[in-house]
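K.L.:
Have a look at this one.
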Amino acid sequence: MFISLEGIDGSGKSSISKMLEDYLKSKNLKVFLTEEPTKEIFDVKSLMEMNLDVYTRIFIFMADRVEHIKKIKRAIEEGYVVISDRYVDSTFAYQGAVLKSILKDMEKAYQYLDCIYNPFRYDPDIIFYLDVDPKTGISRIKRKREFFEDIEFLNDVRNFYLFLSVKRKYVKIDSNGSLEYSFKNILKYMEKI
């Protein structure tokens, strides 16, 4: 099984990914917890600090993903449940929010990104989308904020995630409350399957 957790910065993805890992291990399952961006071929996070064109950013994220998918497939073949803290939907939402202003259309932005992803597509079985108000998300960020972590941009990203939630069949989780509340709702879903 392949599970991804998505949401804007401050939605609780990293904390809940770890909580889910611990829960699944308590059920005697082998779990491989991973995240994007990775450092498979280069340090993507450090590259994102550079003033890069949106198209350059897209292809950096997609190249990183090609290599990441190899690790994910290998883990699944070895019987692990894979949990990814961010995956392709982060690229769709964050880069899509920028592309939407260039292409003047959310659907066109999504189709462009999906077309690039399609040749090596490997979709999660479950995509948990942790939906949080950007003001709440920003207030939770304790480290130095990145340049893209501002309310206006995160509103655009959240709107793109909401657009994707129907198209990509997200399991939408309200993440405005406590981590425990969000995690409890994830467990309700997990226990059904």
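Identifiers for the structure tokens are assigned positionally: chains receive A, B, ... in sequence, residues are indexed from 1 per chain, and ligands are indexed from 1 in the order shown.
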If you count only C-alpha atoms, which residues fall within 12 Å of region 175-187 of chain A, apart from same-chain ones fewer than 5 positions away, as JSON, numbers by chain?
P.N.:
{"A": [3, 4, 5, 6, 7, 8, 9, 10, 11, 12, 13, 14, 15, 16, 17, 18, 19, 20, 21, 22, 23, 24, 126, 127, 128, 129, 130, 131, 132, 133, 134, 135, 136, 137, 138, 139, 140, 170, 192, 193]}
K.L.:
If you run DSSP over the backbone, which residues in region 108-147 of chain A end up strand (DSSP E or B)? Put them as a PyMOL selection string.
P.N.:
chain A and resi 126-131
K.L.:
Could you tell me which of A:Val82, A:Ala97, A:Met190, A:Val171 comes closest to Glu152 (chain A) if we count only C-alpha atoms?
P.N.:
A:Ala97
K.L.:
Provide the CA of Phe92 (chain A) to CA of Asp114 (chain A) distance in Å, to one decimal place.
P.N.:
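Computing it gives 7.8 Å between the two atoms.
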K.L.:
Please provide the set of residues having any atom within 12 Å of Phe153 (chain A), restricted to only C-alpha atoms, with same-chain residues fewer than 3 positions apart removed, written as a PyMOL selection string.
P.N.:
chain A and resi 8-9+93-98+100-101+134-135+138+146-150+156-160
K.L.:
Which residues in region 91-147 of chain A does DSSP call alpha helix (DSSP H)? List them as JSON, numbers by chain.
P.N.:
{"A": [91, 92, 93, 94, 95, 96, 97, 98, 99, 100, 101, 102, 103, 106, 107, 108, 109, 110, 111, 112, 113, 114, 115, 116, 117, 134, 135, 136, 137, 138, 139, 140]}
K.L.:
Using only C-alpha atoms, which of A:Tyr110, A:Phe2, A:Tyr87, A:Phe32 sits nearest Val66 (chain A)?
P.N.:
A:Tyr87
K.L.:
Between A:Phe42, A:Leu33, A:Arg74, A:Cys115, single out the one closest to Ile60 (chain A), counting only C-alpha atoms.
P.N.:
A:Phe42
K.L.:
Which one of A:Ala109, A:Ala75, A:Ile116, A:Met48 sits closest to Phe163 (chain A) if you count only C-alpha atoms?
P.N.:
A:Ala109
K.L.:
Of the candidates A:Lys30, A:Lys172, A:Lys108, A:Lys167, which shows the shortest atom-to-atom distance to Glu77 (chain A), using only C-alpha atoms?
P.N.:
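So, comparing all the options, the nearest one is A:Lys30.
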K.L.:
Rank A:Arg65, A:Tyr161, A:Asn118, A:Glu35 by their smallest atom-to-atom distance to Asp85 (chain A), using only C-alpha atoms, and report the top residue only.
P.N.:
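Nearest candidate to Asp85 (chain A) out of A:Arg65, A:Tyr161, A:Asn118, A:Glu35: A:Glu35.
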